[in-house]
file structure-v9.tsv (TSV, C-alpha atoms)
chain	number	residue	atom	x	y	z
I	1	MET	CA	-4.18	-27.52	-34.00
I	2	PRO	CA	-6.60	-29.84	-32.16
I	3	TRP	CA	-4.82	-33.02	-33.21
I	4	LEU	CA	-1.66	-31.78	-31.45
I	5	ARG	CA	-3.44	-31.68	-28.06
I	6	LEU	CA	-2.69	-34.70	-25.89
I	7	PRO	CA	-4.06	-35.68	-22.47
I	8	SER	CA	-2.48	-33.93	-19.51
I	9	LEU	CA	-0.40	-35.74	-16.91
I	10	THR	CA	-2.21	-33.98	-14.07
I	11	ASP	CA	-4.87	-35.48	-11.79
I	12	ASP	CA	-7.33	-32.76	-12.81
I	13	ALA	CA	-7.02	-32.62	-16.59
I	14	ASP	CA	-6.41	-28.97	-17.26
I	15	GLY	CA	-6.09	-29.30	-21.03
I	16	ARG	CA	-2.44	-28.24	-21.25
I	17	ASP	CA	-0.24	-29.91	-23.88
I	18	TRP	CA	2.59	-32.07	-22.67
I	19	TRP	CA	5.19	-31.67	-25.37
I	20	PRO	CA	7.88	-30.91	-22.74
I	21	GLU	CA	7.12	-34.28	-21.13
I	22	LEU	CA	7.32	-35.99	-24.52
I	23	GLY	CA	10.68	-34.33	-25.15
I	24	TRP	CA	11.93	-35.49	-21.79
I	25	GLY	CA	10.63	-39.02	-22.52
I	26	VAL	CA	12.66	-39.17	-25.74
I	27	PHE	CA	15.71	-37.89	-23.86
I	28	ALA	CA	15.21	-40.50	-21.10
I	29	VAL	CA	14.82	-43.38	-23.57
I	30	ALA	CA	18.02	-42.29	-25.34
I	31	ASN	CA	19.90	-42.33	-22.04
I	32	LEU	CA	18.46	-45.73	-21.11
I	33	ALA	CA	19.79	-47.01	-24.43
I	34	ALA	CA	23.15	-45.41	-23.65
I	35	MET	CA	23.21	-47.23	-20.30
I	36	LEU	CA	22.66	-50.47	-22.14
I	37	VAL	CA	25.29	-49.84	-24.83
I	38	TRP	CA	28.08	-48.21	-22.79
I	39	GLN	CA	27.88	-50.30	-19.65
I	40	SER	CA	31.15	-49.09	-18.12
I	41	TRP	CA	29.99	-45.42	-18.47
I	42	GLU	CA	26.38	-45.95	-17.55
I	43	THR	CA	26.50	-43.68	-14.48
I	44	VAL	CA	26.62	-40.63	-16.78
I	45	PRO	CA	23.35	-41.29	-18.66
I	46	PHE	CA	21.88	-42.60	-15.39
I	47	HIS	CA	22.39	-39.24	-13.72
I	48	PHE	CA	21.18	-37.42	-16.85
I	49	ILE	CA	17.85	-39.24	-16.50
I	50	TRP	CA	17.34	-38.41	-12.83
I	51	VAL	CA	18.57	-34.80	-12.96
I	52	SER	CA	16.44	-34.00	-16.02
I	53	LEU	CA	13.41	-35.64	-14.36
I	54	THR	CA	13.93	-33.47	-11.26
I	55	LEU	CA	14.30	-30.29	-13.32
I	56	ILE	CA	11.23	-30.85	-15.47
I	57	TYR	CA	9.10	-31.66	-12.44
I	58	GLY	CA	10.14	-28.39	-10.81
I	59	VAL	CA	8.65	-26.57	-13.80
I	60	ARG	CA	5.61	-28.71	-14.66
I	61	ILE	CA	4.47	-30.27	-11.32
I	62	TRP	CA	2.36	-33.27	-12.31
I	63	GLY	CA	-0.38	-34.90	-10.29
I	64	VAL	CA	0.40	-37.29	-7.43
I	65	ARG	CA	-0.50	-40.57	-9.15
I	66	PRO	CA	1.34	-39.92	-12.46
I	67	THR	CA	4.37	-38.77	-10.45
I	68	LEU	CA	4.43	-41.96	-8.35
I	69	TRP	CA	3.96	-44.21	-11.38
I	70	LEU	CA	6.76	-42.43	-13.24
I	71	LEU	CA	9.06	-42.60	-10.21
I	72	VAL	CA	8.54	-46.36	-9.81
I	73	ALA	CA	9.08	-46.93	-13.55
I	74	ILE	CA	12.37	-44.98	-13.58
I	75	GLN	CA	13.53	-46.79	-10.44
I	76	LEU	CA	12.83	-50.21	-11.96
I	77	LEU	CA	14.36	-49.45	-15.36
I	78	THR	CA	17.54	-47.78	-14.13
I	79	GLY	CA	17.90	-50.24	-11.24
I	80	ALA	CA	17.50	-53.23	-13.59
I	81	LEU	CA	20.16	-51.91	-15.98
I	82	ILE	CA	22.64	-51.26	-13.16
I	83	LEU	CA	21.95	-54.71	-11.69
I	84	HIS	CA	22.58	-56.27	-15.11
I	85	ASP	CA	25.92	-54.48	-15.41
I	86	VAL	CA	26.87	-55.53	-11.88
I	87	GLN	CA	26.15	-59.14	-12.72
I	88	MET	CA	28.20	-58.78	-15.93
I	89	GLY	CA	31.10	-57.41	-13.86
I	90	HIS	CA	31.06	-53.92	-15.38
I	91	GLN	CA	29.97	-52.11	-12.19
I	92	GLU	CA	30.36	-52.47	-8.43
I	93	TRP	CA	27.44	-53.47	-6.19
I	94	GLY	CA	27.65	-50.05	-4.51
I	95	GLU	CA	26.34	-48.41	-7.68
I	96	LEU	CA	22.89	-49.77	-6.83
I	97	THR	CA	22.71	-47.29	-3.92
I	98	GLU	CA	22.47	-44.51	-6.50
I	99	VAL	CA	18.88	-45.49	-7.26
I	100	PRO	CA	17.41	-44.72	-3.80
I	101	LEU	CA	19.67	-41.65	-3.46
I	102	MET	CA	18.47	-40.14	-6.73
I	103	SER	CA	14.90	-41.07	-5.80
I	104	ALA	CA	15.30	-39.16	-2.54
I	105	MET	CA	16.60	-36.13	-4.47
I	106	PHE	CA	13.60	-36.25	-6.77
I	107	LEU	CA	11.16	-36.57	-3.85
I	108	ALA	CA	12.79	-33.53	-2.21
I	109	MET	CA	12.06	-31.57	-5.38
I	110	VAL	CA	8.48	-32.87	-5.33
I	111	TRP	CA	8.04	-31.64	-1.76
I	112	HIS	CA	9.48	-28.17	-2.44
I	113	ALA	CA	7.63	-27.76	-5.74
I	114	ARG	CA	4.29	-28.65	-4.15
I	115	ARG	CA	4.92	-26.28	-1.25
I	116	ARG	CA	5.63	-23.52	-3.76
I	117	GLN	CA	2.47	-24.42	-5.68
I	118	ASP	CA	0.38	-24.30	-2.50
I	119	ALA	CA	1.91	-20.95	-1.55
I	120	LEU	CA	1.09	-19.55	-5.01
I	121	ARG	CA	-2.50	-20.75	-4.70
I	122	VAL	CA	-2.82	-19.05	-1.32
I	123	ALA	CA	-1.27	-15.84	-2.69
I	124	GLU	CA	-3.59	-15.89	-5.71
I	125	GLY	CA	-6.57	-16.45	-3.44
I	126	LEU	CA	-5.55	-13.52	-1.23
I	127	ALA	CA	-5.02	-11.35	-4.30
I	128	GLU	CA	-8.48	-12.21	-5.59
I	129	GLU	CA	-10.01	-11.44	-2.19
I	130	ARG	CA	-8.17	-8.12	-2.04
I	131	ALA	CA	-9.32	-7.26	-5.56
I	132	ALA	CA	-12.89	-8.10	-4.57
I	133	LEU	CA	-12.63	-5.94	-1.44
I	134	LEU	CA	-11.21	-3.04	-3.43
I	135	SER	CA	-14.04	-3.39	-5.92
I	136	GLN	CA	-16.57	-3.35	-3.09
I	137	GLN	CA	-14.89	-0.29	-1.59
I	138	GLU	CA	-15.00	1.49	-4.93
I	139	ARG	CA	-18.70	0.72	-5.28
I	140	PHE	CA	-19.26	1.94	-1.73
I	141	LEU	CA	-17.51	5.22	-2.47
I	142	HIS	CA	-19.66	5.80	-5.53
I	143	ASP	CA	-22.85	4.88	-3.67
I	144	ALA	CA	-22.00	6.79	-0.51
I	145	SER	CA	-21.20	9.97	-2.39
I	146	HIS	CA	-24.84	10.08	-3.46
I	147	GLU	CA	-26.96	7.79	-1.29
I	148	LEU	CA	-25.66	9.04	2.06
I	149	ARG	CA	-25.84	12.71	1.15
I	150	THR	CA	-29.28	12.78	-0.43
I	151	PRO	CA	-31.39	11.94	2.66
I	152	VAL	CA	-29.36	14.36	4.78
I	153	THR	CA	-29.93	17.13	2.24
I	154	ILE	CA	-33.66	16.39	2.10
I	155	ALA	CA	-33.98	16.37	5.90
I	156	ARG	CA	-32.04	19.63	6.16
I	157	GLY	CA	-34.32	21.26	3.59
I	158	HIS	CA	-37.49	20.28	5.46
I	159	LEU	CA	-36.09	21.49	8.78
I	160	GLU	CA	-35.08	24.83	7.31
I	161	LEU	CA	-38.60	25.23	5.90
I	162	LEU	CA	-39.94	24.90	9.44
I	163	ALA	CA	-37.84	27.91	10.43
I	164	ARG	CA	-38.49	30.05	7.35
I	165	ASP	CA	-40.08	32.76	9.48
I	166	GLY	CA	-36.72	33.44	11.12
I	167	THR	CA	-37.36	31.62	14.40
I	168	ARG	CA	-35.97	28.17	15.00
I	169	PRO	CA	-37.14	25.99	17.86
I	170	PRO	CA	-34.29	24.46	19.91
I	171	GLU	CA	-35.21	21.02	18.63
I	172	VAL	CA	-34.71	22.17	15.02
I	173	GLU	CA	-31.35	23.71	15.91
I	174	VAL	CA	-30.20	20.44	17.48
I	175	ALA	CA	-31.39	18.45	14.48
I	176	LEU	CA	-29.62	20.79	12.03
I	177	ASP	CA	-26.42	20.61	14.05
I	178	GLU	CA	-26.56	16.80	14.03
I	179	LEU	CA	-27.22	16.72	10.28
I	180	GLY	CA	-24.23	18.98	9.74
I	181	ARG	CA	-22.15	16.66	11.89
I	182	ILE	CA	-23.28	13.68	9.81
I	183	GLU	CA	-22.29	15.51	6.63
I	184	ARG	CA	-18.82	16.21	8.00
I	185	ILE	CA	-18.38	12.61	9.09
I	186	VAL	CA	-19.43	11.30	5.68
I	187	GLU	CA	-17.12	13.69	3.84
I	188	ARG	CA	-14.16	12.78	6.01
I	189	GLN	CA	-14.82	9.05	5.88
I	190	LEU	CA	-14.94	9.23	2.11
I	191	LEU	CA	-11.67	11.13	2.06
I	192	LEU	CA	-10.06	8.59	4.38
I	193	ALA	CA	-11.15	5.83	2.04
I	194	LYS	CA	-9.84	7.63	-1.04
I	195	VAL	CA	-6.40	8.67	0.20
I	196	GLY	CA	-5.54	5.05	0.93
I	197	TRP	CA	-5.75	4.22	-2.77
I	198	ASP	CA	-2.71	4.69	-4.97
I	199	GLY	CA	-3.46	6.81	-8.00
I	200	LEU	CA	-6.53	8.59	-6.59
I	201	LEU	CA	-4.56	11.67	-5.58
I	202	GLY	CA	-4.46	14.34	-8.27
I	203	VAL	CA	-0.81	15.37	-7.85
I	204	GLN	CA	0.11	18.77	-9.24
I	205	GLU	CA	2.61	21.56	-8.64
I	206	ILE	CA	1.54	23.84	-5.79
I	207	ASP	CA	3.07	27.23	-4.99
I	208	LEU	CA	3.72	26.61	-1.31
I	209	GLU	CA	3.81	30.26	-0.22
I	210	ALA	CA	0.53	31.16	-1.92
I	211	PHE	CA	-1.13	27.98	-0.71
I	212	VAL	CA	-0.18	28.35	2.97
I	213	GLU	CA	-1.01	32.08	2.98
I	214	ASP	CA	-4.44	31.44	1.47
I	215	VAL	CA	-5.34	28.83	4.10
I	216	PHE	CA	-3.95	31.05	6.87
I	217	VAL	CA	-5.92	34.13	5.78
I	218	ARG	CA	-9.20	32.22	5.57
I	219	TRP	CA	-8.86	30.91	9.12
I	220	SER	CA	-7.60	34.17	10.59
I	221	ASP	CA	-10.73	35.90	9.22
I	222	VAL	CA	-13.27	33.50	10.76
I	223	ALA	CA	-11.68	32.37	14.04
I	224	PRO	CA	-10.69	35.08	16.58
I	225	ARG	CA	-7.23	34.01	17.76
I	226	VAL	CA	-3.76	35.58	17.84
I	227	TRP	CA	-2.72	34.39	14.38
I	228	ARG	CA	0.96	34.50	13.41
I	229	LEU	CA	2.30	33.46	10.04
I	230	GLY	CA	6.01	32.72	10.19
I	231	ASN	CA	8.51	32.08	7.44
I	232	VAL	CA	7.21	30.02	4.52
I	233	ALA	CA	9.77	28.36	2.27
I	234	GLY	CA	9.55	29.46	-1.33
I	235	GLY	CA	9.12	26.75	-3.90
I	236	THR	CA	6.72	24.24	-5.39
I	237	LEU	CA	5.29	21.14	-3.82
I	238	LEU	CA	4.05	18.11	-5.78
I	239	ALA	CA	0.85	17.15	-3.99
I	240	ASP	CA	-2.91	16.84	-4.24
I	241	GLU	CA	-4.07	20.38	-3.44
I	242	GLU	CA	-7.61	19.47	-2.33
I	243	SER	CA	-6.61	16.74	0.12
I	244	LEU	CA	-3.66	18.79	1.40
I	245	ARG	CA	-5.97	21.76	2.01
I	246	ILE	CA	-8.35	19.52	3.96
I	247	ALA	CA	-5.44	18.21	6.04
I	248	LEU	CA	-4.16	21.70	6.85
I	249	ASP	CA	-7.71	22.85	7.63
I	250	ALA	CA	-8.01	19.92	10.04
I	251	LEU	CA	-4.81	20.96	11.85
I	252	LEU	CA	-5.98	24.56	12.15
I	253	GLU	CA	-9.47	23.48	13.21
I	254	ASN	CA	-7.88	21.34	15.91
I	255	ALA	CA	-5.77	24.28	17.07
I	256	VAL	CA	-8.81	26.56	17.23
I	257	LYS	CA	-10.84	23.96	19.10
I	258	TYR	CA	-8.33	23.68	21.95
I	259	THR	CA	-7.40	27.35	22.32
I	260	GLU	CA	-9.03	30.53	23.62
I	261	ARG	CA	-9.39	33.92	21.92
I	262	THR	CA	-6.18	35.23	23.51
I	263	ASP	CA	-4.06	32.20	22.59
I	264	ALA	CA	-1.64	32.31	19.68
I	265	ILE	CA	-1.58	29.96	16.71
I	266	ASP	CA	1.62	29.91	14.64
I	267	VAL	CA	1.95	28.55	11.11
I	268	ILE	CA	5.33	28.09	9.43
I	269	ALA	CA	6.69	26.06	6.51
I	270	THR	CA	10.37	25.14	6.62
I	271	ARG	CA	12.51	23.43	4.04
I	272	VAL	CA	14.21	20.29	5.41
I	273	ALA	CA	16.38	17.55	3.96
I	274	GLY	CA	13.41	15.29	3.35
I	275	GLY	CA	11.19	17.94	1.72
I	276	VAL	CA	9.20	20.57	3.60
I	277	GLU	CA	7.68	20.72	7.08
I	278	ILE	CA	4.43	22.61	7.64
I	279	SER	CA	4.03	23.27	11.37
I	280	VAL	CA	0.95	24.38	13.29
I	281	ALA	CA	1.70	25.36	16.89
I	282	ASP	CA	-0.81	26.59	19.44
I	283	GLU	CA	-0.80	27.83	23.04
I	284	GLY	CA	-3.83	25.80	24.05
I	285	VAL	CA	-4.44	23.14	26.67
I	286	GLY	CA	-1.95	20.70	25.18
I	287	ILE	CA	-2.26	16.93	24.84
I	288	PRO	CA	-1.97	14.47	27.74
I	289	PRO	CA	1.09	12.20	27.39
I	290	GLU	CA	-1.07	9.07	27.44
I	291	ALA	CA	-3.03	10.34	24.42
I	292	LEU	CA	-0.04	11.08	22.16
I	293	GLY	CA	0.25	7.48	21.00
I	294	ARG	CA	-3.33	7.32	19.70
I	295	ILE	CA	-3.97	10.90	18.64
I	296	PHE	CA	-4.04	9.98	14.93
I	297	GLU	CA	-6.44	7.06	15.32
I	298	ARG	CA	-9.96	7.37	13.98
I	299	PHE	CA	-12.45	8.80	16.48
I	300	ALA	CA	-9.66	9.27	19.02
I	301	ARG	CA	-9.84	12.30	21.31
I	302	ALA	CA	-7.21	13.85	23.51
I	303	ASP	CA	-9.92	14.58	26.08
I	304	ALA	CA	-12.29	11.66	26.49
I	305	ALA	CA	-14.60	13.79	28.62
I	306	ARG	CA	-15.12	16.38	25.87
I	307	THR	CA	-18.75	16.48	24.82
I	308	ARG	CA	-20.27	16.52	21.36
I	309	ASP	CA	-20.83	20.27	21.72
I	310	GLY	CA	-17.36	20.83	20.30
I	311	GLY	CA	-18.64	19.54	16.97
I	312	GLY	CA	-15.67	17.26	16.37
I	313	ALA	CA	-16.15	13.87	14.79
I	314	GLY	CA	-12.76	12.52	15.84
I	315	LEU	CA	-11.61	12.14	12.22
I	316	GLY	CA	-9.64	15.33	11.57
I	317	LEU	CA	-6.21	14.15	12.74
I	318	ALA	CA	-6.78	10.69	11.21
I	319	ILE	CA	-7.31	12.46	7.89
I	320	VAL	CA	-4.10	14.46	8.36
I	321	ASP	CA	-2.15	11.26	9.01
I	322	ALA	CA	-3.74	9.48	6.02
I	323	VAL	CA	-3.09	12.39	3.65
I	324	ALA	CA	0.53	12.64	4.80
I	325	LYS	CA	1.13	8.92	4.26
I	326	ALA	CA	-0.60	9.00	0.87
I	327	HIS	CA	1.97	11.63	-0.18
I	328	GLY	CA	4.86	9.57	1.18
I	329	GLY	CA	5.27	11.77	4.25
I	330	GLU	CA	4.21	11.71	7.88
I	331	CYS	CA	2.62	13.79	10.60
I	332	SER	CA	4.04	14.08	14.12
I	333	VAL	CA	3.00	15.90	17.27
I	334	GLU	CA	4.72	17.34	20.32
I	335	SER	CA	3.08	18.71	23.44
I	336	SER	CA	4.58	20.34	26.50
I	337	GLY	CA	1.35	20.57	28.48
I	338	SER	CA	0.78	24.23	27.51
I	339	GLY	CA	0.19	23.82	23.82
I	340	ALA	CA	0.78	21.43	20.96
I	341	THR	CA	2.79	21.48	17.75
I	342	PHE	CA	1.79	19.38	14.76
I	343	VAL	CA	4.38	18.93	12.01
I	344	LEU	CA	3.32	17.77	8.56
I	345	LEU	CA	6.34	16.45	6.62
I	346	LEU	CA	5.88	16.27	2.85
I	347	PRO	CA	8.48	15.16	0.29
I	348	ARG	CA	8.78	16.21	-3.36
I	349	PHE	CA	9.42	19.86	-2.56
I	350	SER	CA	11.45	21.98	-5.01
I	351	PRO	CA	12.78	25.19	-3.43
I	352	VAL	CA	13.17	28.43	-5.36
I	353	ARG	CA	16.87	29.11	-5.78
I	354	ALA	CA	18.28	32.41	-4.56
I	355	ALA	CA	19.59	33.37	-8.01
I	356	ARG	CA	16.17	32.94	-9.61
I	357	LEU	CA	14.61	35.07	-6.86
I	358	ALA	CA	17.20	37.81	-7.30
I	359	LEU	CA	16.72	37.88	-11.05
I	360	ALA	CA	12.95	37.97	-10.67
I	361	LEU	CA	13.20	40.92	-8.27
I	362	GLY	CA	15.69	42.76	-10.43
I	363	GLU	CA	18.40	42.64	-7.76
I	364	PRO	CA	22.13	42.31	-8.56
I	365	VAL	CA	23.39	38.76	-8.78
I	366	GLY	CA	26.80	38.16	-7.24
I	367	PRO	CA	29.36	35.45	-8.15
I	368	ALA	CA	28.01	33.05	-5.53
I	369	LEU	CA	24.48	33.35	-6.89
I	370	LEU	CA	25.70	32.99	-10.46
I	371	GLU	CA	27.45	29.77	-9.49
I	372	GLU	CA	24.22	28.55	-7.86
I	373	ARG	CA	22.25	29.52	-10.95
I	374	ALA	CA	24.66	27.54	-13.16

call {"tool": "encode", "arguments": {"input": "structure-v9.tsv", "output": "structure tokens"}}
result
Amino acid sequence: MPWLRLPSLTDDADGRDWWPELGWGVFAVANLAAMLVWQSWETVPFHFIWVSLTLIYGVRIWGVRPTLWLLVAIQLLTGALILHDVQMGHQEWGELTEVPLMSAMFLAMVWHARRRQDALRVAEGLAEERAALLSQQERFLHDASHELRTPVTIARGHLELLARDGTRPPEVEVALDELGRIERIVERQLLLAKVGWDGLLGVQEIDLEAFVEDVFVRWSDVAPRVWRLGNVAGGTLLADEESLRIALDALLENAVKYTERTDAIDVIATRVAGGVEISVADEGVGIPPEALGRIFERFARADAARTRDGGGAGLGLAIVDAVAKAHGGECSVESSGSGATFVLLLPRFSPVRAARLALALGEPVGPALLEERA
């Protein structure tokens, strides 16, 4: 009700009611009266006044001027009552020292409460800035998914019309290659932006064996290398299939880029204590030791002298690292100078138990498998 609203005790009137302060005022007046009536026991209501004042300030935090005026008023009132009792012979002169001591305790609370208030304001400001940045990033993702692709698509269409007779000038080939490179960069930048957001990954159950075999077969058909698919752990993996496929494609693309036709590329998936490890090992040129520390950075290259002819945008391994972290895992690399091995560790893997496999295949189930099944 409007008539229950009273002026605030803050410097900047924020419109809050101050019924807690009124309640404390009644409590303080009652204790002042108790100090006057029970003069030999006045230290008890005296401390009630100061302790309650300190507690309520820690919750409410008034403005500077009301706080100072209230502090001086309580000092004068309680000090005057103690002085009166001292003069009447009911208290010792040393009791007067309680007034500055309790004032110091209250001022300590004022200092800590205001520091906490300032810290909360800073935290709220940072939270608002972060929310604004996330909103801007979301708008950028929506805009980039259309605005950045449209002009590239239009330019590609016009260039392909120039070569509709089957012959393409070298200049057109270069332009088409660069447009394709721009498309790949845009796609990967958008993915990097998305995987850093909680909740944007569409997590679902993935049959690990079928998934790894499908990616392996696609690459072995298009890239002439000595492809070897090792053991793949049976089970299901909770992950975002699209982003995980892009990450595994990036590892295989990297292996193809740094190997020759006669080099081998091995893919295995092994169950470990922390989940499952998907490894891609190659017999290529390897990675220099000085590059291992920055191999997962954006636009980083193991070979700084490599030209743009390789077609890489320097984002593939950064995407792998981002996808792994978005799933709660990690990606690591080892290189011996004659090849490299990338290991993608992913949690939330549920292996297929041996008993279930045996039953599915119609094989006999022994006591050990029955115990496992139970």

call {"tool": "atom_distance", "arguments": {"input": "structure-v9.tsv", "atom1": "CA of Glu171 in chain I", "atom2": "CA of Pro151 in chain I"}}
result
18.8 Å

call {"tool": "closest_residue", "arguments": {"input": "structure-v9.tsv", "among": "I:Trp50, I:Trp24, I:Phe349, I:Trp38", "to": "Leu107 in chain I", "atoms": "all atoms listed in the file"}}
result
I:Trp50

call {"tool": "closest_residue", "arguments": {"input": "structure-v9.tsv", "among": "I:Val222, I:Leu345, I:Leu292, I:Ala340", "to": "Ile278 in chain I", "atoms": "all atoms listed in the file"}}
result
I:Leu345

call {"tool": "residues_around", "arguments": {"input": "structure-v9.tsv", "residues": "Ser103 in chain I", "least_positions_apart": "2", "cutoff": "10 Å", "atoms": "all atoms listed in the file", "output": "VMD selection string"}}
result
chain I and resid 50 54 71 to 72 74 to 75 98 to 101 105 to 109

call {"tool": "residues_around", "arguments": {"input": "structure-v9.tsv", "residues": "range 46-49 of chain I", "least_positions_apart": "4", "cutoff": "8 Å", "atoms": "all atoms listed in the file", "output": "count of residues only"}}
result
8

call {"tool": "closest_residue", "arguments": {"input": "structure-v9.tsv", "among": "I:Val51, I:Ile182, I:Val333, I:Leu70", "to": "Pro288 in chain I", "atoms": "all atoms listed in the file"}}
result
I:Val333

call {"tool": "residues_around", "arguments": {"input": "structure-v9.tsv", "residues": "range 56-58 of chain I", "least_positions_apart": "3", "cutoff": "10 Å", "atoms": "all atoms listed in the file", "output": "short mmCIF file (atom, residue, chain, number, x, y, z; two decimals) with C-alpha atoms, keeping the file's coordinate frame"}}
result
data_model
loop_
_atom_site.label_atom_id
_atom_site.label_comp_id
_atom_site.auth_asym_id
_atom_site.auth_seq_id
_atom_site.Cartn_x
_atom_site.Cartn_y
_atom_site.Cartn_z
CA PRO I 20 7.88 -30.91 -22.74
CA GLU I 21 7.12 -34.28 -21.13
CA TRP I 24 11.93 -35.49 -21.79
CA VAL I 51 18.57 -34.80 -12.96
CA SER I 52 16.44 -34.00 -16.02
CA LEU I 53 13.41 -35.64 -14.36
CA ILE I 61 4.47 -30.27 -11.32
CA TRP I 62 2.36 -33.27 -12.31
CA THR I 67 4.37 -38.77 -10.45
CA PHE I 106 13.60 -36.25 -6.77
CA MET I 109 12.06 -31.57 -5.38
CA VAL I 110 8.48 -32.87 -5.33
CA TRP I 111 8.04 -31.64 -1.76
CA HIS I 112 9.48 -28.17 -2.44
CA ALA I 113 7.63 -27.76 -5.74
CA ARG I 114 4.29 -28.65 -4.15
CA ARG I 116 5.63 -23.52 -3.76
#

call {"tool": "residues_near_point", "arguments": {"input": "structure-v9.tsv", "point": "(0.7, 16.7, 6.4)", "cutoff": "9 Å", "atoms": "all atoms listed in the file", "output": "number ranges by chain"}}
result
I: 244, 247-248, 251, 277-279, 320-325, 327, 329-332, 342-346

call {"tool": "atom_distance", "arguments": {"input": "structure-v9.tsv", "atom1": "CA of Glu260 in chain I", "atom2": "CA of Pro224 in chain I"}}
result
8.5 Å

call {"tool": "residues_around", "arguments": {"input": "structure-v9.tsv", "residues": "Tyr258 in chain I", "least_positions_apart": "5", "cutoff": "8 Å", "atoms": "only C-alpha atoms", "output": "ChimeraX atom specification"}}
result
/I:284-286

call {"tool": "atom_distance", "arguments": {"input": "structure-v9.tsv", "atom1": "CA of Asp249 in chain I", "atom2": "CA of Leu134 in chain I"}}
result
28.4 Å

call {"tool": "residues_near_point", "arguments": {"input": "structure-v9.tsv", "point": "(-11.5, 28.9, 11.2)", "cutoff": "10 Å", "atoms": "all atoms listed in the file", "output": "list of chain:residue names"}}
result
I:Val215, I:Phe216, I:Val217, I:Arg218, I:Trp219, I:Ser220, I:Asp221, I:Val222, I:Ala223, I:Pro224, I:Arg225, I:Asp249, I:Ala250, I:Leu252, I:Glu253, I:Asn254, I:Ala255, I:Val256, I:Lys257

call {"tool": "write_last_selection", "arguments": {"input": "structure-v9.tsv", "atoms": "C-alpha atoms", "output": "CSV table (one decimal), in the frame of the given file"}}
result
chain,number,residue,atom,x,y,z
I,215,VAL,CA,-5.3,28.8,4.1
I,216,PHE,CA,-4.0,31.0,6.9
I,217,VAL,CA,-5.9,34.1,5.8
I,218,ARG,CA,-9.2,32.2,5.6
I,219,TRP,CA,-8.9,30.9,9.1
I,220,SER,CA,-7.6,34.2,10.6
I,221,ASP,CA,-10.7,35.9,9.2
I,222,VAL,CA,-13.3,33.5,10.8
I,223,ALA,CA,-11.7,32.4,14.0
I,224,PRO,CA,-10.7,35.1,16.6
I,225,ARG,CA,-7.2,34.0,17.8
I,249,ASP,CA,-7.7,22.8,7.6
I,250,ALA,CA,-8.0,19.9,10.0
I,252,LEU,CA,-6.0,24.6,12.2
I,253,GLU,CA,-9.5,23.5,13.2
I,254,ASN,CA,-7.9,21.3,15.9
I,255,ALA,CA,-5.8,24.3,17.1
I,256,VAL,CA,-8.8,26.6,17.2
I,257,LYS,CA,-10.8,24.0,19.1

call {"tool": "closest_residue", "arguments": {"input": "structure-v9.tsv", "among": "I:Ala119, I:Leu317, I:Ala326, I:Ala73", "to": "Phe296 in chain I", "atoms": "all atoms listed in the file"}}
result
I:Leu317

call {"tool": "closest_residue", "arguments": {"input": "structure-v9.tsv", "among": "I:Val212, I:Leu68, I:Ala233, I:Leu179", "to": "Val272 in chain I", "atoms": "all atoms listed in the file"}}
result
I:Ala233

call {"tool": "closest_residue", "arguments": {"input": "structure-v9.tsv", "among": "I:Val86, I:Ala239, I:Leu176, I:Ala132", "to": "Ile154 in chain I", "atoms": "only C-alpha atoms"}}
result
I:Leu176
